[in-house]
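J.: Enclosed is the structure file upload_9.cif (mmCIF, C-alpha atoms).
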data_query
loop_
_atom_site.label_atom_id
_atom_site.label_comp_id
_atom_site.auth_asym_id
_atom_site.auth_seq_id
_atom_site.Cartn_x
_atom_site.Cartn_y
_atom_site.Cartn_z
CA MET T 1 112.15 79.08 141.26
CA LYS T 2 113.26 76.96 138.37
CA LYS T 3 114.10 78.98 135.35
CA GLN T 4 111.61 78.37 132.55
CA ALA T 5 112.30 78.54 128.89
CA SER T 6 110.57 81.49 127.27
CA SER T 7 107.27 80.66 125.64
CA ALA T 8 108.65 81.72 122.25
CA ALA T 9 111.27 79.00 122.47
CA VAL T 10 108.71 76.36 123.37
CA ARG T 11 106.06 77.30 120.87
CA PRO T 12 106.83 76.45 117.26
CA GLN T 13 107.02 79.47 114.97
CA ASN T 14 103.60 80.18 113.51
CA ASP T 15 104.21 82.52 110.58
CA THR T 16 100.55 82.92 109.65
CA PHE T 17 99.64 83.94 113.20
CA GLU T 18 102.56 86.38 113.45
CA TYR T 19 101.82 87.89 110.08
CA LEU T 20 98.11 88.40 110.75
CA LEU T 21 98.96 89.84 114.16
CA ARG T 22 101.06 92.56 112.54
CA LEU T 23 98.28 93.49 110.16
CA GLY T 24 95.72 93.52 112.97
CA ASP T 25 97.85 95.40 115.50
CA ASP T 26 98.66 98.24 113.09
CA ARG T 27 94.97 98.85 112.57
CA LEU T 28 93.90 98.34 116.16
CA VAL T 29 96.43 100.83 117.53
CA LEU T 30 95.76 103.44 114.85
CA GLY T 31 92.01 102.82 115.21
CA HIS T 32 92.20 103.49 118.93
CA ARG T 33 94.32 106.61 118.46
CA THR T 34 91.88 107.90 115.83
CA SER T 35 88.93 107.22 118.13
CA GLU T 36 90.50 109.58 120.68
CA TRP T 37 89.41 112.43 118.39
CA CYS T 38 85.75 111.59 118.96
CA GLY T 39 84.22 114.71 120.52
CA HIS T 40 87.41 116.75 120.00
CA ALA T 41 87.74 117.32 116.26
CA PRO T 42 87.81 120.93 115.01
CA ILE T 43 84.45 120.76 113.21
CA LEU T 44 81.46 118.43 113.40
CA GLU T 45 82.02 116.88 109.95
CA GLU T 46 85.58 116.00 110.95
CA ASP T 47 84.46 114.52 114.23
CA ILE T 48 82.12 112.25 112.29
CA ALA T 49 84.73 111.48 109.63
CA LEU T 50 87.46 110.54 112.11
CA ALA T 51 85.05 108.45 114.19
CA ASN T 52 84.02 106.61 111.01
CA VAL T 53 87.64 105.99 110.01
CA ALA T 54 88.37 104.73 113.54
CA LEU T 55 85.40 102.39 113.33
CA ASP T 56 86.62 100.97 110.01
CA LEU T 57 90.13 100.45 111.41
CA VAL T 58 88.91 98.74 114.58
CA GLY T 59 86.54 96.63 112.47
CA GLN T 60 89.43 95.60 110.20
CA ALA T 61 91.52 94.80 113.28
CA ASN T 62 88.72 92.63 114.63
CA LEU T 63 88.60 90.59 111.41
CA LEU T 64 92.40 90.27 111.23
CA LEU T 65 92.84 89.38 114.90
CA SER T 66 90.02 86.81 114.64
CA ALA T 67 91.89 85.23 111.73
CA ALA T 68 95.12 85.42 113.77
CA ALA T 69 93.43 83.72 116.73
CA THR T 70 92.19 80.94 114.44
CA ALA T 71 95.70 80.51 113.04
CA GLU T 72 97.16 80.44 116.54
CA ASN T 73 94.63 77.81 117.67
CA ALA T 74 95.49 78.36 121.33
CA GLY T 75 92.07 79.18 122.75
CA ARG T 76 92.43 82.95 122.40
CA ASP T 77 89.96 85.06 120.43
CA ALA T 78 90.25 88.56 118.92
CA ASP T 79 89.23 90.18 122.21
CA ALA T 80 91.87 88.26 124.16
CA LEU T 81 94.50 89.37 121.65
CA ALA T 82 93.36 92.99 121.80
CA PHE T 83 92.75 93.38 125.50
CA LEU T 84 94.98 90.88 127.27
CA ARG T 85 98.36 91.39 125.64
CA ASP T 86 101.02 93.75 126.97
CA GLU T 87 102.90 96.18 124.76
CA LEU T 88 105.87 93.83 124.39
CA ASP T 89 103.56 91.41 122.58
CA TYR T 90 102.16 94.05 120.23
CA ARG T 91 103.56 93.89 116.69
CA SER T 92 102.38 97.25 115.34
CA VAL T 93 104.73 99.77 113.72
CA LEU T 94 105.83 102.71 115.88
CA MET T 95 104.12 105.30 113.70
CA VAL T 96 100.61 104.29 114.73
CA GLU T 97 101.17 104.49 118.50
CA LEU T 98 102.44 108.10 118.55
CA PRO T 99 100.05 110.48 120.31
CA ASN T 100 97.66 112.33 117.99
CA GLY T 101 99.39 115.70 118.25
CA ASP T 102 97.55 118.46 116.42
CA PHE T 103 95.09 118.02 113.56
CA ALA T 104 97.86 118.32 110.94
CA PHE T 105 99.84 115.53 112.60
CA THR T 106 96.77 113.29 112.73
CA ILE T 107 95.91 113.93 109.09
CA ALA T 108 99.52 113.46 107.95
CA ARG T 109 99.71 110.12 109.75
CA GLN T 110 96.33 108.98 108.38
CA PHE T 111 97.62 109.75 104.93
CA LEU T 112 101.05 108.10 105.25
CA PHE T 113 99.61 104.97 106.85
CA GLY T 114 96.51 105.05 104.64
CA VAL T 115 98.48 104.91 101.39
CA TYR T 116 100.57 102.08 102.88
CA SER T 117 97.44 100.18 103.87
CA MET T 118 95.94 100.77 100.45
CA VAL T 119 98.87 99.35 98.48
CA GLN T 120 99.25 96.53 101.00
CA SER T 121 95.59 95.50 100.98
CA GLU T 122 95.46 95.75 97.20
CA ALA T 123 98.27 93.18 97.01
CA LEU T 124 96.77 91.03 99.79
CA GLN T 125 93.54 90.52 97.85
CA LYS T 126 95.37 87.66 96.13
CA SER T 127 96.29 85.97 99.43
CA LYS T 128 95.81 82.21 99.51
CA HIS T 129 94.76 82.38 103.16
CA ALA T 130 91.10 81.35 103.52
CA ASP T 131 89.91 84.70 104.92
CA LEU T 132 92.66 87.23 104.27
CA GLY T 133 91.91 87.78 100.58
CA GLY T 134 88.31 88.77 101.33
CA ILE T 135 89.26 90.89 104.34
CA ALA T 136 91.89 92.66 102.23
CA ALA T 137 89.39 93.36 99.46
CA LYS T 138 87.16 95.08 102.02
CA MET T 139 90.10 96.95 103.56
CA PHE T 140 91.16 98.14 100.12
CA LYS T 141 87.74 99.65 99.42
CA GLU T 142 87.48 101.30 102.83
CA THR T 143 91.03 102.59 102.78
CA ARG T 144 90.48 104.31 99.45
CA TYR T 145 87.90 106.48 101.17
CA HIS T 146 90.25 107.10 104.09
CA VAL T 147 93.02 108.22 101.74
CA ARG T 148 90.70 110.47 99.78
CA HIS T 149 89.67 112.10 103.06
CA SER T 150 93.20 112.60 104.43
CA GLY T 151 94.58 113.48 100.98
CA GLU T 152 92.03 116.27 100.49
CA TRP T 153 93.01 117.66 103.88
CA LEU T 154 96.70 117.54 103.03
CA LEU T 155 96.04 119.81 100.05
CA LYS T 156 93.89 122.17 102.13
CA LEU T 157 96.39 122.40 104.98
CA GLY T 158 99.45 122.66 102.75
CA ASP T 159 97.82 125.28 100.57
CA GLY T 160 95.98 127.03 103.40
CA THR T 161 97.34 129.60 105.82
CA ASP T 162 100.98 130.05 106.85
CA GLU T 163 100.13 128.36 110.11
CA SER T 164 98.40 125.33 108.56
CA HIS T 165 101.29 124.95 106.13
CA ARG T 166 103.89 125.17 108.92
CA ARG T 167 102.04 122.69 111.10
CA LEU T 168 101.70 120.20 108.26
CA GLN T 169 105.38 120.52 107.30
CA ASP T 170 106.33 120.00 110.97
CA ALA T 171 104.12 116.90 111.10
CA ILE T 172 105.66 115.40 107.98
CA ASN T 173 109.16 116.18 109.28
CA GLU T 174 108.36 114.43 112.56
CA LEU T 175 106.61 111.42 111.00
CA TRP T 176 109.04 110.74 108.19
CA ARG T 177 111.52 108.84 110.37
CA TYR T 178 108.74 106.36 111.16
CA THR T 179 107.97 105.53 107.53
CA GLY T 180 111.00 103.27 106.97
CA GLU T 181 109.61 100.64 109.33
CA LEU T 182 106.55 100.18 107.11
CA PHE T 183 108.71 98.55 104.45
CA LEU T 184 111.06 96.44 106.57
CA THR T 185 110.82 92.76 105.91
CA ASP T 186 112.05 89.75 107.85
CA ASP T 187 112.00 85.95 107.72
CA ILE T 188 108.43 85.68 109.04
CA GLU T 189 107.15 87.96 106.33
CA ARG T 190 109.27 86.41 103.60
CA ARG T 191 107.97 82.96 104.50
CA ALA T 192 104.39 84.26 104.59
CA ALA T 193 104.97 85.76 101.14
CA GLU T 194 106.51 82.54 99.80
CA GLN T 195 103.46 80.61 100.96
CA GLY T 196 101.24 83.09 99.12
CA ILE T 197 99.65 84.25 102.38
CA GLY T 198 101.29 87.63 102.80
CA VAL T 199 103.24 90.22 100.83
CA ASP T 200 106.85 91.27 101.24
CA SER T 201 106.56 94.86 102.53
CA SER T 202 109.69 95.99 100.70
CA THR T 203 107.83 95.45 97.41
CA LEU T 204 105.24 98.07 98.43
CA GLN T 205 107.62 100.99 98.86
CA ALA T 206 107.83 102.19 95.26
CA ALA T 207 104.04 102.47 94.85
CA TRP T 208 103.72 104.14 98.25
CA SER T 209 106.46 106.68 97.52
CA ALA T 210 105.01 107.59 94.15
CA GLN T 211 101.55 108.33 95.59
CA VAL T 212 102.76 110.07 98.73
CA THR T 213 105.30 112.35 97.09
CA GLU T 214 102.82 113.33 94.37
CA VAL T 215 100.24 114.59 96.90
CA LEU T 216 102.88 116.22 99.13
CA ARG T 217 104.29 118.02 96.11
CA ARG T 218 100.85 119.35 95.22
CA ALA T 219 100.39 120.43 98.83
CA GLY T 220 103.67 122.37 98.61
CA ILE T 221 105.23 120.23 101.35
CA SER T 222 108.81 119.06 101.06
CA THR T 223 109.89 115.52 101.90
CA PRO T 224 112.54 115.60 104.57
CA GLU T 225 115.98 114.04 104.27
CA VAL T 226 116.14 111.50 107.05
CA THR T 227 119.24 109.40 107.58
CA TRP T 228 117.99 107.35 110.53
CA MET T 229 114.69 105.50 110.38
CA GLN T 230 113.11 104.39 113.65
CA ARG T 231 112.22 100.73 114.04
CA GLY T 232 111.30 98.16 116.66
CA GLY T 233 107.52 97.79 116.70
CA ARG T 234 107.48 94.54 114.72
CA VAL T 235 109.59 92.86 117.43
CA GLY T 236 107.77 94.45 120.37
CA GLN T 237 110.21 97.29 121.04
CA HIS T 238 107.80 100.19 121.36
CA THR T 239 107.96 103.81 122.45
CA GLU T 240 106.70 104.55 125.96
CA GLN T 241 103.48 105.82 124.35
CA LEU T 242 101.98 102.41 123.55
CA GLY T 243 101.90 101.29 127.18
CA HIS T 244 99.97 104.41 128.18
CA MET T 245 97.54 103.90 125.35
CA LEU T 246 96.96 100.24 126.16
CA ALA T 247 96.46 101.03 129.84
CA GLU T 248 93.47 103.10 128.83
CA MET T 249 92.24 100.82 126.04
CA GLN T 250 92.45 97.65 128.13
CA THR T 251 91.37 98.90 131.53
CA LEU T 252 87.84 97.52 131.40
CA GLN T 253 88.85 93.96 130.46
CA ARG T 254 91.72 94.02 132.94
CA GLN T 255 89.52 95.15 135.82
CA HIS T 256 86.44 93.14 134.89
CA PRO T 257 87.72 90.10 132.97
CA GLY T 258 85.18 88.71 130.54
CA ALA T 259 82.85 91.72 130.79
CA SER T 260 80.65 92.03 127.72
CA TRP T 261 77.88 94.26 126.42
CA MET E 1 62.25 66.69 103.24
CA THR E 2 62.27 66.36 99.47
CA SER E 3 64.26 68.82 97.45
CA ALA E 4 61.06 70.27 95.96
CA THR E 5 59.66 71.22 99.37
CA SER E 6 63.11 72.44 100.37
CA LYS E 7 63.10 74.78 97.38
CA VAL E 8 59.65 76.10 98.28
CA THR E 9 60.82 76.58 101.89
CA ARG E 10 63.92 78.36 100.69
CA GLU E 11 61.91 80.84 98.63
CA ARG E 12 59.43 81.38 101.42
CA LEU E 13 62.26 82.08 103.86
CA LEU E 14 64.00 84.46 101.45
CA ALA E 15 60.68 86.32 101.29
CA VAL E 16 60.75 86.44 105.10
CA LEU E 17 64.25 87.92 105.00
CA ASP E 18 63.00 90.51 102.55
CA THR E 19 60.96 91.91 105.46
CA VAL E 20 64.03 92.30 107.70
CA MET E 21 65.03 95.94 107.34
CA ASP E 22 68.47 97.51 107.69
CA PRO E 23 68.18 99.34 111.05
CA GLU E 24 70.21 102.29 109.73
CA VAL E 25 68.43 102.56 106.37
CA PRO E 26 64.94 101.29 107.15
CA VAL E 27 63.69 101.35 103.53
CA LEU E 28 66.05 98.57 102.46
CA SER E 29 65.73 94.94 103.42
CA VAL E 30 68.78 92.82 104.09
CA VAL E 31 68.08 91.04 100.78
CA GLU E 32 67.98 94.36 98.88
CA LEU E 33 71.17 95.43 100.63
CA GLY E 34 72.82 92.44 98.96
CA ILE E 35 74.33 90.96 102.11
CA ILE E 36 72.41 87.64 102.01
CA ARG E 37 74.67 85.47 99.89
CA ASP E 38 73.09 82.10 100.50
CA LEU E 39 70.26 80.36 102.33
CA GLU E 40 70.27 76.61 102.76
CA VAL E 41 67.56 74.47 104.30
CA GLN E 42 68.99 71.33 105.89
CA GLY E 43 66.13 69.56 107.67
CA ASP E 44 65.25 71.69 110.69
CA VAL E 45 68.32 73.85 110.33
CA VAL E 46 68.46 76.95 108.16
CA LYS E 47 71.90 78.23 107.32
CA VAL E 48 72.17 81.85 106.20
CA THR E 49 75.42 83.12 104.70
CA VAL E 50 75.99 86.83 105.20
CA THR E 51 78.67 89.08 103.71
CA PRO E 52 79.20 92.10 105.98
CA THR E 53 78.99 95.62 104.57
CA TYR E 54 81.75 97.60 106.33
CA SER E 55 84.35 95.98 108.61
CA GLY E 56 83.30 98.06 111.57
CA CYS E 57 79.60 98.44 110.88
CA PRO E 58 77.91 98.26 114.29
CA ALA E 59 74.57 97.43 112.65
CA MET E 60 75.80 93.99 111.54
CA HIS E 61 75.24 92.46 114.99
CA VAL E 62 71.69 93.81 115.12
CA ILE E 63 71.02 92.62 111.56
CA GLU E 64 72.18 89.07 112.37
CA ARG E 65 69.97 88.97 115.43
CA GLU E 66 66.98 90.21 113.46
CA ILE E 67 67.54 87.63 110.71
CA GLU E 68 67.50 84.92 113.34
CA THR E 69 64.39 86.28 115.06
CA ALA E 70 62.48 86.62 111.79
CA LEU E 71 63.27 83.05 110.76
CA ARG E 72 62.36 81.64 114.18
CA ASN E 73 59.05 83.54 114.12
CA ASN E 74 58.35 81.80 110.83
CA GLY E 75 58.76 78.31 112.14
CA VAL E 76 62.47 77.68 111.75
CA ALA E 77 63.72 75.65 114.70
CA SER E 78 67.40 76.33 114.33
CA VAL E 79 69.24 79.16 112.55
CA GLU E 80 72.93 79.20 111.72
CA ILE E 81 74.54 82.39 110.47
CA ALA E 82 77.82 82.06 108.62
CA THR E 83 80.00 85.00 107.57
CA ARG E 84 81.55 85.01 104.13
CA HIS E 85 84.29 87.58 103.51
CA SER E 86 85.11 86.79 99.92
CA PRO E 87 84.07 88.28 97.58
CA ALA E 88 83.78 91.50 99.57
CA TRP E 89 80.43 93.26 99.65
CA THR E 90 79.83 95.88 96.99
CA THR E 91 76.96 98.31 96.45
CA ASP E 92 76.84 96.91 92.89
CA TRP E 93 74.84 94.03 94.42
CA MET E 94 71.98 96.41 95.16
CA PRO E 95 69.13 95.97 92.65
CA ALA E 96 67.66 98.94 90.72
CA LEU E 97 64.44 98.84 92.75
CA ALA E 98 66.42 99.23 95.98
CA ARG E 99 68.23 102.25 94.55
CA GLU E 100 64.89 103.83 93.70
CA LYS E 101 63.68 103.22 97.28
CA LEU E 102 66.78 104.98 98.60
CA ARG E 103 66.19 107.98 96.39
CA ALA E 104 62.53 108.20 97.43
CA TYR E 105 63.68 108.10 101.06
CA GLY E 106 66.02 111.07 100.48
CA ILE E 107 69.32 109.23 100.14
CA ALA E 108 71.20 109.51 96.85
CA PRO E 109 71.80 105.93 95.65
CA PRO E 110 75.32 104.65 94.97
CA GLY E 111 76.79 104.94 91.49
CA PRO E 112 78.84 102.09 90.05
CA ALA E 113 81.70 101.09 92.35
CA ALA E 114 85.09 101.88 90.80
CA HIS E 115 87.58 99.59 92.47
CA GLU E 116 90.55 99.97 90.21
CA ALA E 117 90.56 103.61 89.18
CA PRO E 118 93.12 105.79 90.99
CA ILE E 119 91.68 107.96 93.72
CA ALA E 120 91.08 111.52 92.70
CA ILE E 121 92.49 113.76 95.41
CA GLY E 122 91.75 117.45 95.06
CA ARG E 123 89.95 116.95 91.75
CA ARG E 124 86.27 117.47 91.27
CA ARG E 125 84.36 114.25 91.18
CA GLN E 126 81.21 113.73 89.22
CA ALA E 127 78.46 115.50 91.15
CA VAL E 128 75.98 113.38 93.05
CA ARG E 129 72.43 114.18 92.00
CA CYS E 130 70.18 115.64 94.68
CA PRO E 131 67.56 113.02 95.63
CA TYR E 132 65.00 115.78 96.31
CA CYS E 133 65.08 118.02 93.24
CA GLY E 134 67.27 115.98 90.87
CA SER E 135 69.78 118.79 90.33
CA ALA E 136 73.41 117.92 89.66
CA ASP E 137 74.50 121.28 91.11
CA THR E 138 75.65 119.80 94.42
CA GLU E 139 78.82 119.80 96.47
CA THR E 140 80.38 117.34 98.89
CA ARG E 141 80.43 118.43 102.52
CA SER E 142 81.96 115.33 104.04
CA GLU E 143 83.15 111.93 102.84
CA PHE E 144 81.59 110.48 105.96
CA GLY E 145 78.05 110.80 107.25
CA SER E 146 75.87 109.52 110.06
CA THR E 147 76.93 105.95 109.27
CA ALA E 148 80.00 104.40 107.63
CA CYS E 149 78.09 103.81 104.39
CA LYS E 150 77.09 107.44 103.73
CA ALA E 151 78.61 110.75 102.65
CA ILE E 152 77.12 114.22 103.11
CA HIS E 153 76.41 116.60 100.24
CA VAL E 154 74.46 119.80 99.83
CA CYS E 155 72.32 120.81 96.88
CA ARG E 156 72.89 124.36 95.61
CA ALA E 157 69.65 124.33 93.62
CA CYS E 158 67.21 123.52 96.44
CA GLU E 159 69.62 124.26 99.31
CA GLN E 160 68.89 120.90 100.86
CA PRO E 161 71.66 118.93 102.54
CA PHE E 162 71.39 115.21 101.77
CA GLU E 163 73.15 111.92 102.27
CA GLU E 164 74.58 109.64 99.61
CA PHE E 165 74.93 105.88 99.94
CA LYS E 166 78.59 105.58 98.96
CA ALA E 167 79.59 103.35 96.07
CA ILE E 168 81.98 100.79 97.42
#
In structure tokens, write the structure found in this file.
T.:
Amino acid sequence: MKKQASSAAVRPQNDTFEYLLRLGDDRLVLGHRTSEWCGHAPILEEDIALANVALDLVGQANLLLSAAATAENAGRDADALAFLRDELDYRSVLMVELPNGDFAFTIARQFLFGVYSMVQSEALQKSKHADLGGIAAKMFKETRYHVRHSGEWLLKLGDGTDESHRRLQDAINELWRYTGELFLTDDIERRAAEQGIGVDSSTLQAAWSAQVTEVLRRAGISTPEVTWMQRGGRVGQHTEQLGHMLAEMQTLQRQHPGASW
Amino acid sequence: MTSATSKVTRERLLAVLDTVMDPEVPVLSVVELGIIRDLEVQGDVVKVTVTPTYSGCPAMHVIEREIETALRNNGVASVEIATRHSPAWTTDWMPALAREKLRAYGIAPPGPAAHEAPIAIGRRRQAVRCPYCGSADTETRSEFGSTACKAIHVCRACEQPFEEFKAI
């Protein structure tokens, strides 16, 4: 067989598509993970809360991936992007694909990602992209509720029993090495920022740190010293966990292509 | 069609939409909910511009279908529904009468939406008034309720749990 050039080499770089894909994939993967709590949360109110948060995240992903599909202009829609891509083509950060762990781990991740999403969507409200500004305004409002929910829990768990405190501290220790990737920037993102479409993630770190450390301090949780930050999700280098998750998430469309409600 | 008849048609059709109820909150019409941002009559085609409430609200699909059905049942040959994301929907678009209908139905209406204020974590927020007895002696049970747009509270005065339409 004749060796073919990779599709990336053939296709011209489409910064808007790539940028929107990152935003959409982060929310789709976390939305799916969060939805795994449905029917399993420790109390009924939490089951409802996490299912609602998952619904918001998947809804945001749908809007972002629809915008990405329009930018790509290659005949794919949001469903094709969600259900017919393999993990190598996913551009989400590693943090969101990690298994849910215990309730403390889930809440800690919702909070760390939630604050990131809040500062990011606040900045993206000014995007010059036709749809992104409006989508970001909606995400900003929804994410404020998500952060209030996870933030309240951080205080309760940190200030609760010895066990809840230990579990939360363990979760933060484990997750911290995945926070660096949130603020990495590259040429795609810089160009998207220069065009007024996106924001440079490195500019979000100060606001994120201030809000996160303030709540962790009040929860009596220490921020770990981490010398090595994990990375790779933005270029498709994922942990083994994403493939397992996608296998479950995509099974219906893979087995019955085009199936709809 | 002259612009005068088009205007009459437009108002008649908006009145039709005012009979299309939110399936999750059946005392509010889609007009009262504030999601109908525009209605244009172009010959036989009626174009309705909708701004969705929550990104993942599953009721939006049903609402769009019901808007189309209602207009067709009132003589519109062709309906086009366009989605407008910007500006994002806010409960501030809900008129006072709609808020009163919510309260009468047992749902505490949304207060003013505060977009810019920092989020208060672990600090008491202003109590939501009980829609049944009017007491402000209430506490929040959950930030999320039976639908994305509601939170759950309980009234200490009349011991009644109730939902609040969240300000967003």
J.: Take the PyMOL selection byres ((chain T and resi 122) around 9), apply it to the structure above, and return the hits as a PyMOL selection string.
T.: chain T and resi 117-121+123-126+136-137+139-141
J.: For the residues in that selection, give me C-alpha atoms as a compact mmCIF listing (two decimals), keeping the file's coordinate frame.
T.:
# COMPACT_ATOMS: atom_id res chain seq x y z
CA SER T 117 97.44 100.18 103.87
CA MET T 118 95.94 100.77 100.45
CA VAL T 119 98.87 99.35 98.48
CA GLN T 120 99.25 96.53 101.00
CA SER T 121 95.59 95.50 100.98
CA ALA T 123 98.27 93.18 97.01
CA LEU T 124 96.77 91.03 99.79
CA GLN T 125 93.54 90.52 97.85
CA LYS T 126 95.37 87.66 96.13
CA ALA T 136 91.89 92.66 102.23
CA ALA T 137 89.39 93.36 99.46
CA MET T 139 90.10 96.95 103.56
CA PHE T 140 91.16 98.14 100.12
CA LYS T 141 87.74 99.65 99.42
J.: Taking only C-alpha atoms into account, report as a PyMOL selection string which residues of chain T lie within 10 Å of chain E.
T.: chain T and resi 44-63+122+125+130-142+144-156+211+215+218-219
J.: Check the smallest atom-to-atom distance from each of E:Ala98, E:Cys130, E:Val41, E:Val20 to Ala77 in chain E using all atoms listed in the file, then report the winner.
T.: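 Between E:Ala98, E:Cys130, E:Val41, E:Val20, the residue approaching Ala77 in chain E most closely is E:Val41.
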J.: May I ask which of the residues E:Leu39, E:Val62, E:Pro161, E:Val48 is the closest one to Met21 in chain E, counting only C-alpha atoms?
T.: E:Val62
J.: Would you compute the distance between CA of Leu204 in chain T and CA of Ala67 in chain T? Give it in Å to one decimal.
T.: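 These two atoms are separated by 22.8 Å.
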J.: Skipping near chain neighbours, those fewer than 6 positions away, what residues fall within 12 Å of range 237-247 of chain T using all atoms listed in the file, listed as JSON, numbers by chain?
T.: {"T": [25, 26, 28, 29, 30, 31, 32, 33, 34, 35, 36, 82, 83, 84, 85, 86, 87, 88, 89, 90, 91, 92, 93, 94, 95, 96, 97, 98, 99, 100, 178, 230, 231, 253, 254, 255]}
J.: Keeping only C-alpha atoms, write the selected residues to a file as a compact mmCIF listing (two decimals), in the coordinates of the input.
T.:
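Saved file out08.txt follows:
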# COMPACT_ATOMS: atom_id res chain seq x y z
CA ASP T 25 97.85 95.40 115.50
CA ASP T 26 98.66 98.24 113.09
CA LEU T 28 93.90 98.34 116.16
CA VAL T 29 96.43 100.83 117.53
CA LEU T 30 95.76 103.44 114.85
CA GLY T 31 92.01 102.82 115.21
CA HIS T 32 92.20 103.49 118.93
CA ARG T 33 94.32 106.61 118.46
CA THR T 34 91.88 107.90 115.83
CA SER T 35 88.93 107.22 118.13
CA GLU T 36 90.50 109.58 120.68
CA ALA T 82 93.36 92.99 121.80
CA PHE T 83 92.75 93.38 125.50
CA LEU T 84 94.98 90.88 127.27
CA ARG T 85 98.36 91.39 125.64
CA ASP T 86 101.02 93.75 126.97
CA GLU T 87 102.90 96.18 124.76
CA LEU T 88 105.87 93.83 124.39
CA ASP T 89 103.56 91.41 122.58
CA TYR T 90 102.16 94.05 120.23
CA ARG T 91 103.56 93.89 116.69
CA SER T 92 102.38 97.25 115.34
CA VAL T 93 104.73 99.77 113.72
CA LEU T 94 105.83 102.71 115.88
CA MET T 95 104.12 105.30 113.70
CA VAL T 96 100.61 104.29 114.73
CA GLU T 97 101.17 104.49 118.50
CA LEU T 98 102.44 108.10 118.55
CA PRO T 99 100.05 110.48 120.31
CA ASN T 100 97.66 112.33 117.99
CA TYR T 178 108.74 106.36 111.16
CA GLN T 230 113.11 104.39 113.65
CA ARG T 231 112.22 100.73 114.04
CA GLN T 253 88.85 93.96 130.46
CA ARG T 254 91.72 94.02 132.94
CA GLN T 255 89.52 95.15 135.82
J.: For a test of reading the model, state the distance in Å between CA of Trp228 in chain T and CA of Val199 in chain T, rounded to one decimal.
T.: 24.6 Å
J.: Can you work out which one of T:Gln205, T:Gln250, T:Ser222, T:Thr106 has the shortest atom-to-atom distance to Arg166 in chain T, counting only C-alpha atoms?
T.: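 Counting only C-alpha atoms, the residue closest to Arg166 in chain T is T:Ser222.
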J.: Decode the PyMOL selection byres ((chain E and resi 67) around 9) for the given file into explicit residues and return them as a PDB file with C-alpha atoms, in the frame of the given file.
T.:
ATOM      1  CA  VAL E  16      60.750  86.440 105.100  1.00  0.00           C
ATOM      2  CA  LEU E  17      64.250  87.920 105.000  1.00  0.00           C
ATOM      3  CA  VAL E  20      64.030  92.300 107.700  1.00  0.00           C
ATOM      4  CA  VAL E  30      68.780  92.820 104.090  1.00  0.00           C
ATOM      5  CA  VAL E  48      72.170  81.850 106.200  1.00  0.00           C
ATOM      6  CA  VAL E  62      71.690  93.810 115.120  1.00  0.00           C
ATOM      7  CA  ILE E  63      71.020  92.620 111.560  1.00  0.00           C
ATOM      8  CA  GLU E  64      72.180  89.070 112.370  1.00  0.00           C
ATOM      9  CA  ARG E  65      69.970  88.970 115.430  1.00  0.00           C
ATOM     10  CA  GLU E  66      66.980  90.210 113.460  1.00  0.00           C
ATOM     11  CA  GLU E  68      67.500  84.920 113.340  1.00  0.00           C
ATOM     12  CA  THR E  69      64.390  86.280 115.060  1.00  0.00           C
ATOM     13  CA  ALA E  70      62.480  86.620 111.790  1.00  0.00           C
ATOM     14  CA  LEU E  71      63.270  83.050 110.760  1.00  0.00           C
ATOM     15  CA  ARG E  72      62.360  81.640 114.180  1.00  0.00           C
ATOM     16  CA  VAL E  79      69.240  79.160 112.550  1.00  0.00           C
ATOM     17  CA  ILE E  81      74.540  82.390 110.470  1.00  0.00           C
TER      18      ILE E  81
END
J.: Give as a PyMOL selection string each residue that has an atom at most 12 Å from (102.6, 116.1, 101.6) in the file, counting only C-alpha atoms.
T.: chain T and resi 104-105+107-112+115+150-159+165-173+175-176+209-224
J.: Near Glu139 in chain E, counting only C-alpha atoms, which residues have an atom at most 8 Å away, once you skip same-chain residues fewer than 3 positions from it, shown as a ChimeraX atom specification?
T.: /E:127-128,153-156
J.: Using all atoms listed in the file, which residue out of E:Val25, E:Ala136, E:Leu33, E:Val45 lies closest to Glu80 in chain E?
T.: E:Val45
J.: Distance CA of Pro95 in chain E-CA of Lys150 in chain E, one decimal place?
T.: 17.8 Å
J.: What's around Ala96 in chain E at 12 Å? Count all atoms listed in the file, leave out sequence neighbours fewer than 3 positions away in its own chain, and write the answer as a ChimeraX atom specification.
T.: /E:28,32-34,91-93,99-103,109-112
J.: Please provide as number ranges by chain all residues within 9 Å of range 6-10 of chain E, with the sequence filter that same-chain residues fewer than 4 positions apart are discarded (counting all atoms listed in the file).
T.: E: 1-2, 14-15, 39-43, 46
